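Report on the structure given below.
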4 protein chains.
Amino acid sequence: MSVRVGVIGVGMIGQDHIRRLSTVLSGADVVAVSDVDLPHAEAVAGQVSARVSPSGHDLVKDNEVDAVLVASWGGTHEEYVLACIEAGKPVFCEKPLATTQEACVRILDAEVAAGRRLVQVGYMRRYDAAYRALKAVVQEGSIGAPLMMHCTHRNPSVPGYYEADSAITDTAVHEIDMVRWLFDEEIVATTVLHPRRSRNGGELQDPMILILEMDSGIIVDVEVSVNIRYGYDIRGEVVGENGTAALGEASPVTIRLNGGVTNRVPADWRERFSRAYDIELQEWVDAVRAGGEYGPNSWDGYAAAVVSDAAVEVRRSCRRTTVQLLEKPALYAANG
Amino acid sequence: MSVRVGVIGVGMIGQDHIRRLSTVLSGADVVAVSDVDLPHAEAVAGQVSARVSPSGHDLVKDNEVDAVLVASWGGTHEEYVLACIEAGKPVFCEKPLATTQEACVRILDAEVAAGRRLVQVGYMRRYDAAYRALKAVVQEGSIGAPLMMHCTHRNPSVPGYYEADSAITDTAVHEIDMVRWLFDEEIVATTVLHPRRSRNGGELQDPMILILEMDSGIIVDVEVSVNIRYGYDIRGEVVGENGTAALGEASPVTIRLNGGVTNRVPADWRERFSRAYDIELQEWVDAVRAGGEYGPNSWDGYAAAVVSDAAVEVRRSCRRTTVQLLEKPALYAANG
Amino acid sequence: MSVRVGVIGVGMIGQDHIRRLSTVLSGADVVAVSDVDLPHAEAVAGQVSARVSPSGHDLVKDNEVDAVLVASWGGTHEEYVLACIEAGKPVFCEKPLATTQEACVRILDAEVAAGRRLVQVGYMRRYDAAYRALKAVVQEGSIGAPLMMHCTHRNPSVPGYYEADSAITDTAVHEIDMVRWLFDEEIVATTVLHPRRSRNGGELQDPMILILEMDSGIIVDVEVSVNIRYGYDIRGEVVGENGTAALGEASPVTIRLNGGVTNRVPADWRERFSRAYDIELQEWVDAVRAGGEYGPNSWDGYAAAVVSDAAVEVRRSCRRTTVQLLEKPALYAANG
Amino acid sequence: MSVRVGVIGVGMIGQDHIRRLSTVLSGADVVAVSDVDLPHAEAVAGQVSARVSPSGHDLVKDNEVDAVLVASWGGTHEEYVLACIEAGKPVFCEKPLATTQEACVRILDAEVAAGRRLVQVGYMRRYDAAYRALKAVVQEGSIGAPLMMHCTHRNPSVPGYYEADSAITDTAVHEIDMVRWLFDEEIVATTVLHPRRSRNGGELQDPMILILEMDSGIIVDVEVSVNIRYGYDIRGEVVGENGTAALGEASPVTIRLNGGVTNRVPADWRERFSRAYDIELQEWVDAVRAGGEYGPNSWDGYAAAVVSDAAVEVRRSCRRTTVQLLEKPALYAANG
């Protein structure tokens, strides 16, 4: 039996998930959609023979919807996720889980009260084959205990609405979640550094360096360059006691031309992570069908919010700040 | 509406396709299976809630089967493919199309008589992202007209039943199909060379070098090494007038340890081409649903058989031989 | 006419330079040596038919010595360099120029009073082909203005006398000089970070991260790992506005074996920089013969000492500190 | 005591060797030069304070010349080499040793009669660090017995006087010598293949594939492309029973720009092999001083001539031909 999925929010991300569930993945049908823009919802629904729900809350309550995918505007995530928990339905919520720490805590509280994990947050890097291979090498132990990690997060350009905090809240937040998962420990302090500014970024502080300190003392440095033109380049090298392990540099072809041997860099995040999005959602569908555990959960969404807020707070001052998390509820003890 | 697929032959390959159609791909249901080993067919069918047909021919005639996947022993391919053509049903036939040139010609004749292309042969390299990127570079023209191609086809080891001709009929046949597709022209001559023998291969002439001459004069050299231990390593470099383009060397991680920087080589063909198999079958399913064109067709299966036979003929003598194809029927004029 | 060189100090480094001048380079003869260990001096002198001077000061005054190479213990550098300046003879002084900032200033004062540059300090990275190619790319401008640089300085192990400050004064001091030369500007601030400690380093704070801020705002991060076992690995990537340029990873051979494609990492600094030492000394000999300008000068030696002292000062506290240099004398205005 | 070298022939190659002996290497002085163009000889001699000999034969007889470097036109090599053997003086002869097999045999006979090896032929690849590392890996044995080698010899362009046979006699002759040295065995057969022609080469058969069969059965394929525009690209991969070893791809810098990660290819043979020429001549000078053995000898020069002639003979017919060498004199038994 296929999982009957309802999708709240049919903007670019929502539509992409609908396409994925309908034409790429196995075991799911999109049966209902909703959007604040009703005619738009109707147009999208028509393409996949889904119903249109009058509102996200109606969609959540729909008896023929087994599981919900929330891809609406960030400010609405909290209410829909809470509604799903109340309805006892698995929910896949695009990042962020919610736009404030307080909202994240309300979701934690509701889920703890419900007594089971229903929420998955859309941190897709955990599903990328290269990151998974990297984690396997770190865990296998040949490079020794991990001591540092060097990351680069480079975008060729960013849209006009990208603002000062976005380098942290939209961009580096992926590394914030990734290192928590990779090392299976929390971030305890963070610092922001401001290198010389790129003229490509106009008024923006671009690039930015984010220093993350893990609970065990591992230091992670993250270069965030969001107007570097040449490509979308995500790199990461874990430095251990005896050696290092890095994300591979995959290029489908190698070209020898004009004095050089050239491998390709992805043009954008779609090219780089398209397959990770597929796997993320397939594994969620499989978990919903099996009644099993999901991926990045509400606690992960909450922790990312707290670290991100701490970094935003010291963004201008370039001071170091410690990160304070609540005590972790037992429900989230066995992290995936 | 999902395509209702019947699978003939539930050995290792057949089961893998059933798994793929049932749990990985979108738009298909396995509704019927058949196998000479009936109890085995029942066990496999049970896992995916499919019916068991008494025979492959019954399965082809089943009104609730829209399309057929043939994964039985090579010697039976001809009869099932002919049955599908007679029934007017799309058929995906694992390689080879048939075990003799004559059988391939009977299939061509039947399909031409039927007046439409129904057959796809399982040459999955055409669906590999790296080969597709390579073809795109060659066609785009920056390296100039292609003049040569250097290929390596390396296996860590081969099973006990692998015999003298297998290096051509099982192994290099992938390159035979691939270069026809990559350069969109026929092979007109071939030569076999025998390098010093590897002790890993026992009595086998391993490695072997196969020289393929294309219609335009492009020369392709293929190294076939099937006991090279270190990994499954498929490489290819097209040499043009101004530069070259090669398959990229993708490794999920790069490890710095013990005096070296190491990228991984796939362990076997599953690791290397697993994604190509997915895409191959998804595109076939999509084509069946759309009523559109399929991938490698009967003509491709026939041409591979003729070249392969020619190479087998000169395998011992190390002489050059020309390759003679029938005139290509108009039905296959527009090659994909 | 060959340059007649006198060498003060015939320990490991001194002997290596004698070998280089005698059997590798063109245009120089080692005519005199001195060492506190007289019998050792005599043994070394005998191999190259050189005289033994009773003391370093006698060697400097020797009329048949055209130029001096100082490779004695660091604490003696100041006096010999000053003696050479007084004698008006070109002197190549192994790093450090002197062991205190004050001593460096006395050398600057003496050279300024003498009115010409006679001193070259042994920072050999400026002579490495890869660093020179990197500088050429940065200057050529295609990657845009430089904004950051990521460096790693990794040693497989360090000798027993290596102590807490050595990570800065012996190891990172190479990067301190290199970035001043690469970007042609001074370092204005520095910070030390302490990642989780490697058990390979015992009590040592190893690894260490050194942050260097350049006058234009460029931020350089330097990973110093001195017990990382796998090899001697010097890397550097300059991040510009539109792209990046990094030191290439040269390996004489690429081996495909045991599931991997492996390139080599140098075993130690000799393997990595042996050719740079040759070129450094050949260019010095050529400059002495031509009466021309030398490489890294007294000002460079002084600046490295000041930055290094500043980093040592904050080594324990992990605080940021600014770097204060004297006003640069006009003699050093045209930096090489 | 420096070796006093006389240089016959001061064209481009001769001058480059004079520059090398005078300003790069240790232990040699150019004391005499000769050239058919006397004024030119005088101009070059003046730059290094050498004498001009009235003729090459006078130069060889000059008592103040310890060793001779022959860089004159190929047709004159035989007579000068024979004169050196007669005079009992070490001679470094640029390739080819002589322009016919018969002339090579006369040199062999003379040297055998003289009873000691005095001749070194200028095959500089044996001195290249990458080829030496490759040979060390092959000999060390981890990849197993060598079975095949794939080589590419690519030039961006060739001068106007380059003709049909040059692809063999000027270009592939380097691989002919190299594989004899690398595998320490003779070539027993050869075949020429003609791929589709590059329009960059006009009337020339370019590219060409040369197949070399070694005594043990190793097969070497050599791609010769001499108008491939993108760079000077020398590659080589030895395929063993368990793995492969290839020349590394060294690039001083790696640039990330415009959608790609690019390493450099050398622009021409000077850039690629300049260091090998230095080492070749330094080792020759060192051997002359030590009275020791030299590198590639007359037998190597003879064998290269025989293989090269055999390939030229079948260049048009594309037939295979065997290679017949004389019996190897005992003088050359212990090959370096």
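So you can find residues: chains in the structure tokens are A, B, ... in the order shown, residues in each start at 1, and ligands are numbered from 1 in order.
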
Counting only C-alpha atoms, give me one row per residue of chain C with an atom at most 9 Å from an atom of chain B, showing the shortest contact pair and its distance in Å to one decimal, sorted by chain then residue number, as JSON lines.
{"residue": "C:Arg229", "atom": "CA", "partner": "B:Asn258", "partner_atom": "CA", "distance": 7.2}
{"residue": "C:Tyr230", "atom": "CA", "partner": "B:Asn258", "partner_atom": "CA", "distance": 4.4}
{"residue": "C:Gly231", "atom": "CA", "partner": "B:Gly259", "partner_atom": "CA", "distance": 5.2}
{"residue": "C:Tyr232", "atom": "CA", "partner": "B:Gly259", "partner_atom": "CA", "distance": 8.4}
{"residue": "C:Arg256", "atom": "CA", "partner": "B:Tyr230", "partner_atom": "CA", "distance": 6.9}
{"residue": "C:Leu257", "atom": "CA", "partner": "B:Tyr230", "partner_atom": "CA", "distance": 4.8}
{"residue": "C:Asn258", "atom": "CA", "partner": "B:Tyr230", "partner_atom": "CA", "distance": 4.4}
{"residue": "C:Gly259", "atom": "CA", "partner": "B:Tyr230", "partner_atom": "CA", "distance": 4.8}
{"residue": "C:Gly260", "atom": "CA", "partner": "B:Arg264", "partner_atom": "CA", "distance": 4.4}
{"residue": "C:Val261", "atom": "CA", "partner": "B:Asn263", "partner_atom": "CA", "distance": 5.1}
{"residue": "C:Thr262", "atom": "CA", "partner": "B:Thr262", "partner_atom": "CA", "distance": 4.3}
{"residue": "C:Asn263", "atom": "CA", "partner": "B:Val261", "partner_atom": "CA", "distance": 5.1}
{"residue": "C:Arg264", "atom": "CA", "partner": "B:Gly260", "partner_atom": "CA", "distance": 4.4}
{"residue": "C:Val265", "atom": "CA", "partner": "B:Gly260", "partner_atom": "CA", "distance": 5.2}
{"residue": "C:Pro266", "atom": "CA", "partner": "B:Gly259", "partner_atom": "CA", "distance": 7.1}
{"residue": "C:Ala267", "atom": "CA", "partner": "B:Gly259", "partner_atom": "CA", "distance": 6.8}

Would you write out those residues with C-alpha atoms, as a compact mmCIF listing (two decimals), in the first residue's frame?
# COMPACT_ATOMS: atom_id res chain seq x y z
CA ARG C 229 51.69 10.24 11.12
CA TYR C 230 50.54 9.91 7.52
CA GLY C 231 53.06 12.30 5.99
CA TYR C 232 54.42 15.79 5.60
CA ARG C 256 45.75 1.65 -8.33
CA LEU C 257 45.85 -1.14 -5.79
CA ASN C 258 43.69 -2.71 -3.08
CA GLY C 259 40.52 -0.84 -3.84
CA GLY C 260 42.07 2.59 -4.15
CA VAL C 261 43.77 5.09 -6.42
CA THR C 262 46.64 6.49 -4.41
CA ASN C 263 48.89 9.48 -4.81
CA ARG C 264 51.84 9.96 -2.52
CA VAL C 265 52.36 12.48 0.24
CA PRO C 266 55.99 13.43 0.97
CA ALA C 267 57.52 11.68 3.95

Handout entry: Residue neighbourhood Ala71 in chain C, 8 Å, only C-alpha atoms, exclusion window fewer than 4 positions, as a PyMOL selection string
Key = chain C and resi 7-11+13-14+93-94

Which residues in range 145-274 of chain B does DSSP call helix (DSSP H, G or I)? List them as a tab-separated table (two decimals) with all heavy atoms, in the first residue's frame.
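Contents of states_7.tsv, freshly written:
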chain	number	residue	atom	x	y	z
B	166	SER	N	34.34	-15.36	-23.05
B	166	SER	CA	33.58	-14.45	-22.19
B	166	SER	C	34.17	-13.05	-22.14
B	166	SER	O	33.44	-12.06	-21.97
B	166	SER	CB	33.52	-15.01	-20.76
B	166	SER	OG	32.99	-16.32	-20.75
B	167	ALA	N	35.49	-12.95	-22.27
B	167	ALA	CA	36.11	-11.63	-22.24
B	167	ALA	C	35.52	-10.74	-23.32
B	167	ALA	O	35.45	-9.52	-23.19
B	167	ALA	CB	37.63	-11.74	-22.42
B	168	ILE	N	35.07	-11.38	-24.42
B	168	ILE	CA	34.42	-10.62	-25.49
B	168	ILE	C	32.92	-10.58	-25.29
B	168	ILE	O	32.31	-9.52	-25.24
B	168	ILE	CB	34.75	-11.25	-26.87
B	168	ILE	CG1	36.25	-11.10	-27.13
B	168	ILE	CG2	33.93	-10.61	-27.98
B	168	ILE	CD1	36.80	-12.01	-28.19
B	169	THR	N	32.29	-11.76	-25.13
B	169	THR	CA	30.83	-11.82	-25.18
B	169	THR	C	30.15	-11.29	-23.91
B	169	THR	O	29.03	-10.80	-23.97
B	169	THR	CB	30.36	-13.27	-25.42
B	169	THR	OG1	30.93	-14.10	-24.39
B	169	THR	CG2	30.85	-13.77	-26.77
B	170	ASP	N	30.83	-11.42	-22.77
B	170	ASP	CA	30.23	-10.93	-21.53
B	170	ASP	C	30.79	-9.58	-21.10
B	170	ASP	O	30.09	-8.78	-20.49
B	170	ASP	CB	30.50	-11.93	-20.38
B	170	ASP	CG	29.56	-13.12	-20.44
B	170	ASP	OD1	28.86	-13.26	-21.46
B	170	ASP	OD2	29.54	-13.90	-19.47
B	171	THR	N	32.06	-9.38	-21.37
B	171	THR	CA	32.74	-8.22	-20.80
B	171	THR	C	32.84	-7.08	-21.82
B	171	THR	O	32.17	-6.05	-21.69
B	171	THR	CB	34.13	-8.64	-20.28
B	171	THR	OG1	33.95	-9.72	-19.35
B	171	THR	CG2	34.83	-7.49	-19.58
B	172	ALA	N	33.65	-7.28	-22.87
B	172	ALA	CA	33.87	-6.19	-23.82
B	172	ALA	C	32.60	-5.83	-24.60
B	172	ALA	O	32.52	-4.76	-25.20
B	172	ALA	CB	34.99	-6.55	-24.78
B	173	VAL	N	31.59	-6.69	-24.57
B	173	VAL	CA	30.37	-6.39	-25.29
B	173	VAL	C	29.75	-5.08	-24.79
B	173	VAL	O	29.08	-4.36	-25.54
B	173	VAL	CB	29.37	-7.57	-25.20
B	173	VAL	CG1	28.77	-7.68	-23.82
B	173	VAL	CG2	28.30	-7.45	-26.28
B	174	HIS	N	30.00	-4.74	-23.54
B	174	HIS	CA	29.52	-3.45	-23.03
B	174	HIS	C	30.19	-2.28	-23.74
B	174	HIS	O	29.56	-1.28	-24.04
B	174	HIS	CB	29.77	-3.36	-21.52
B	174	HIS	CG	28.79	-4.15	-20.72
B	174	HIS	ND1	27.48	-3.80	-20.59
B	174	HIS	CD2	28.94	-5.29	-20.00
B	174	HIS	CE1	26.84	-4.68	-19.83
B	174	HIS	NE2	27.71	-5.61	-19.46
B	175	GLU	N	31.49	-2.42	-23.99
B	175	GLU	CA	32.18	-1.36	-24.73
B	175	GLU	C	31.73	-1.36	-26.19
B	175	GLU	O	31.62	-0.31	-26.82
B	175	GLU	CB	33.70	-1.55	-24.65
B	175	GLU	CG	34.35	-0.86	-23.46
B	175	GLU	CD	34.18	-1.63	-22.16
B	175	GLU	OE1	33.79	-2.83	-22.20
B	175	GLU	OE2	34.44	-1.05	-21.08
B	176	ILE	N	31.46	-2.55	-26.74
B	176	ILE	CA	31.00	-2.64	-28.13
B	176	ILE	C	29.70	-1.86	-28.30
B	176	ILE	O	29.56	-1.06	-29.23
B	176	ILE	CB	30.83	-4.13	-28.54
B	176	ILE	CG1	32.22	-4.78	-28.69
B	176	ILE	CG2	30.00	-4.26	-29.81
B	176	ILE	CD1	32.21	-6.29	-28.88
B	177	ASP	N	28.77	-2.04	-27.39
B	177	ASP	CA	27.53	-1.27	-27.50
B	177	ASP	C	27.78	0.21	-27.20
B	177	ASP	O	27.27	1.09	-27.89
B	177	ASP	CB	26.47	-1.79	-26.52
B	177	ASP	CG	25.20	-0.96	-26.62
B	177	ASP	OD1	24.54	-1.03	-27.67
B	177	ASP	OD2	24.89	-0.20	-25.67
B	178	MET	N	28.58	0.46	-26.19
B	178	MET	CA	28.79	1.85	-25.74
B	178	MET	C	29.39	2.72	-26.83
B	178	MET	O	28.95	3.85	-27.05
B	178	MET	CB	29.66	1.83	-24.49
B	178	MET	CG	29.97	3.17	-23.89
B	178	MET	SD	31.46	3.94	-24.62
B	178	MET	CE	32.75	2.83	-24.05
B	179	VAL	N	30.42	2.24	-27.54
B	179	VAL	CA	31.04	3.11	-28.55
B	179	VAL	C	30.11	3.33	-29.75
B	179	VAL	O	30.14	4.39	-30.38
B	179	VAL	CB	32.42	2.60	-29.01
B	179	VAL	CG1	33.39	2.61	-27.84
B	179	VAL	CG2	32.34	1.20	-29.63
B	180	ARG	N	29.28	2.35	-30.08
B	180	ARG	CA	28.29	2.55	-31.15
B	180	ARG	C	27.35	3.69	-30.79
B	180	ARG	O	26.98	4.52	-31.62
B	180	ARG	CB	27.49	1.27	-31.39
B	180	ARG	CG	28.29	0.11	-31.98
B	180	ARG	CD	27.38	-1.08	-32.25
B	180	ARG	NE	26.32	-0.75	-33.17
B	180	ARG	CZ	25.05	-0.52	-32.85
B	180	ARG	NH1	24.66	-0.65	-31.57
B	180	ARG	NH2	24.17	-0.17	-33.74
B	181	TRP	N	26.96	3.71	-29.51
B	181	TRP	CA	26.06	4.76	-29.03
B	181	TRP	C	26.77	6.10	-28.87
B	181	TRP	O	26.25	7.15	-29.28
B	181	TRP	CB	25.48	4.28	-27.68
B	181	TRP	CG	24.87	5.36	-26.85
B	181	TRP	CD1	23.62	5.91	-26.98
B	181	TRP	CD2	25.48	6.01	-25.72
B	181	TRP	NE1	23.42	6.86	-26.02
B	181	TRP	CE2	24.55	6.94	-25.23
B	181	TRP	CE3	26.71	5.90	-25.09
B	181	TRP	CZ2	24.81	7.76	-24.13
B	181	TRP	CZ3	26.99	6.70	-23.99
B	181	TRP	CH2	26.05	7.62	-23.52
B	182	LEU	N	27.97	6.03	-28.34
B	182	LEU	CA	28.71	7.27	-28.05
B	182	LEU	C	29.02	8.03	-29.32
B	182	LEU	O	28.85	9.24	-29.40
B	182	LEU	CB	30.01	6.92	-27.31
B	182	LEU	CG	30.90	8.09	-26.86
B	182	LEU	CD1	30.18	8.97	-25.85
B	182	LEU	CD2	32.19	7.55	-26.24
B	183	PHE	N	29.48	7.29	-30.35
B	183	PHE	CA	29.87	7.96	-31.59
B	183	PHE	C	28.76	7.92	-32.64
B	183	PHE	O	28.88	8.49	-33.71
B	183	PHE	CB	31.14	7.31	-32.14
B	183	PHE	CG	32.32	7.44	-31.22
B	183	PHE	CD1	32.97	6.32	-30.70
B	183	PHE	CD2	32.77	8.70	-30.83
B	183	PHE	CE1	34.06	6.44	-29.84
B	183	PHE	CE2	33.86	8.83	-29.97
B	183	PHE	CZ	34.50	7.71	-29.47
B	199	ARG	N	48.97	-14.42	-14.00
B	199	ARG	CA	48.86	-15.68	-13.27
B	199	ARG	C	47.57	-15.76	-12.48
B	199	ARG	O	47.11	-16.83	-12.09
B	199	ARG	CB	50.07	-15.86	-12.35
B	199	ARG	CG	51.35	-16.16	-13.12
B	199	ARG	CD	52.57	-15.96	-12.28
B	199	ARG	NE	52.67	-14.57	-11.85
B	199	ARG	CZ	53.71	-14.05	-11.19
B	199	ARG	NH1	54.75	-14.82	-10.90
B	199	ARG	NH2	53.71	-12.78	-10.84
B	200	ASN	N	46.93	-14.59	-12.26
B	200	ASN	CA	45.65	-14.62	-11.54
B	200	ASN	C	44.55	-15.30	-12.36
B	200	ASN	O	43.54	-15.71	-11.81
B	200	ASN	CB	45.18	-13.20	-11.22
B	200	ASN	CG	46.09	-12.52	-10.22
B	200	ASN	OD1	46.81	-13.17	-9.47
B	200	ASN	ND2	46.08	-11.19	-10.22
B	201	GLY	N	44.75	-15.37	-13.69
B	201	GLY	CA	43.69	-15.89	-14.55
B	201	GLY	C	43.86	-17.35	-14.91
B	201	GLY	O	43.08	-17.88	-15.69
B	269	TRP	N	30.61	-4.34	-10.23
B	269	TRP	CA	29.73	-3.63	-11.16
B	269	TRP	C	28.47	-3.13	-10.47
B	269	TRP	O	27.89	-2.13	-10.89
B	269	TRP	CB	29.38	-4.52	-12.36
B	269	TRP	CG	28.74	-5.85	-12.02
B	269	TRP	CD1	29.40	-7.02	-11.79
B	269	TRP	CD2	27.36	-6.12	-11.83
B	269	TRP	NE1	28.51	-8.01	-11.48
B	269	TRP	CE2	27.24	-7.49	-11.51
B	269	TRP	CE3	26.20	-5.35	-11.92
B	269	TRP	CZ2	26.02	-8.10	-11.26
B	269	TRP	CZ3	24.98	-5.95	-11.68
B	269	TRP	CH2	24.88	-7.31	-11.35
B	270	ARG	N	28.02	-3.80	-9.42
B	270	ARG	CA	26.83	-3.31	-8.73
B	270	ARG	C	27.08	-1.91	-8.18
B	270	ARG	O	26.29	-0.99	-8.35
B	270	ARG	CB	26.44	-4.25	-7.59
B	270	ARG	CG	25.72	-5.50	-8.05
B	270	ARG	CD	25.50	-6.45	-6.89
B	270	ARG	NE	25.35	-7.82	-7.36
B	270	ARG	CZ	26.38	-8.62	-7.64
B	270	ARG	NH1	27.63	-8.21	-7.46
B	270	ARG	NH2	26.18	-9.84	-8.08
B	271	GLU	N	28.23	-1.76	-7.49
B	271	GLU	CA	28.55	-0.46	-6.90
B	271	GLU	C	28.71	0.60	-7.99
B	271	GLU	O	28.26	1.73	-7.84
B	271	GLU	CB	29.86	-0.58	-6.09
B	271	GLU	CG	30.21	0.69	-5.36
B	271	GLU	CD	31.50	0.55	-4.54
B	271	GLU	OE1	31.89	-0.60	-4.23
B	271	GLU	OE2	32.10	1.59	-4.22
B	272	ARG	N	29.35	0.20	-9.10
B	272	ARG	CA	29.62	1.20	-10.15
B	272	ARG	C	28.37	1.59	-10.92
B	272	ARG	O	28.19	2.75	-11.27
B	272	ARG	CB	30.68	0.63	-11.11
B	272	ARG	CG	30.97	1.48	-12.34
B	272	ARG	CD	31.55	2.83	-12.00
B	272	ARG	NE	31.73	3.65	-13.19
B	272	ARG	CZ	30.76	4.37	-13.74
B	272	ARG	NH1	29.57	4.42	-13.20
B	272	ARG	NH2	31.01	5.10	-14.82
B	273	PHE	N	27.52	0.61	-11.25
B	273	PHE	CA	26.43	0.90	-12.20
B	273	PHE	C	25.03	0.78	-11.60
B	273	PHE	O	24.04	0.82	-12.32
B	273	PHE	CB	26.57	-0.01	-13.43
B	273	PHE	CG	27.68	0.42	-14.35
B	273	PHE	CD1	28.78	-0.40	-14.56
B	273	PHE	CD2	27.63	1.65	-14.99
B	273	PHE	CE1	29.81	0.00	-15.41
B	273	PHE	CE2	28.65	2.06	-15.84
B	273	PHE	CZ	29.75	1.23	-16.04
B	274	SER	N	24.94	0.63	-10.27
B	274	SER	CA	23.64	0.45	-9.65
B	274	SER	C	22.66	1.56	-10.02
B	274	SER	O	21.49	1.34	-10.33
B	274	SER	CB	23.83	0.34	-8.13
B	274	SER	OG	22.85	1.05	-7.45

Exercise for the section: Find the spatial neighbours of Pro96 in chain D, counting only C-alpha atoms, within a cut-off of 12 Å - ignore same-chain residues fewer than 4 positions away - and output them as a VMD selection string. Expected result: chain D and resid 70 to 78 81 92 100 to 101 103 to 104 120 to 123 169 to 171 173 to 174 177 296 to 306 308

Problem - Test item: residues at most 8 Å from range 127-142 of chain B, only C-alpha atoms, excluding those fewer than 6 positions along its chain, as a list in words - result: Pro252 and Val253 of chain A; Leu182, Phe183, Val238, Asn242, Gly243, Ala245, Ala246, Leu247, Gly248, Phe273, Arg275, Ala276, Tyr277, Ile279 and Glu280 of chain B

Practice task
Going by DSSP on the backbone, which bits of range 192-260 of chain C are strand (DSSP E or B)? Write them as an NGL selection string, please.
Solution key: :C and (192-193 or 208-214 or 219-225 or 233-240 or 244-247 or 253-257 or 260)

Practice task
Could you check which of D:Ile187, D:Val226, D:Val91, D:Ala98 is closest to Glu163 in chain D, using only C-alpha atoms?
Solution key: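 Among the listed residues, D:Val226 lies closest to Glu163 in chain D.
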
Close residues, Thr190 in chain C itself excluded, 9 Å, only C-alpha atoms, min 6 positions apart in chain, as a PDB file with C-alpha atoms, in the first residue's frame:
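out-v6.pdb written:
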ATOM      1  CA  LEU C 210      46.661  29.981  14.066  1.00  0.00           C
ATOM      2  CA  ILE C 211      44.566  32.818  12.663  1.00  0.00           C
ATOM      3  CA  LEU C 212      46.519  35.589  10.920  1.00  0.00           C
ATOM      4  CA  GLU C 213      44.877  38.842   9.866  1.00  0.00           C
ATOM      5  CA  VAL C 307      54.348  38.052  14.676  1.00  0.00           C
ATOM      6  CA  ALA C 310      52.725  37.898  19.479  1.00  0.00           C
ATOM      7  CA  ALA C 311      51.306  34.440  18.797  1.00  0.00           C
ATOM      8  CA  VAL C 314      48.498  34.504  23.401  1.00  0.00           C
ATOM      9  CA  ARG C 319      42.909  35.603  22.842  1.00  0.00           C
ATOM     10  CA  ARG C 320      43.373  37.771  19.790  1.00  0.00           C
ATOM     11  CA  THR C 321      46.289  40.191  19.815  1.00  0.00           C
ATOM     12  CA  THR C 322      47.358  42.918  17.424  1.00  0.00           C
ATOM     13  CA  VAL C 323      50.845  43.016  15.981  1.00  0.00           C
TER      14      VAL C 323
END

Handout entry: All residues 9 Å or closer to Gly88 in chain B, only C-alpha atoms, same chain fewer than 5 positions away omitted, as a PyMOL selection string
Key = chain B and resi 83+114+116+118

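Put simply, CA of Val65 in chain D is 7.0 Å away from CA of Val31 in chain D.
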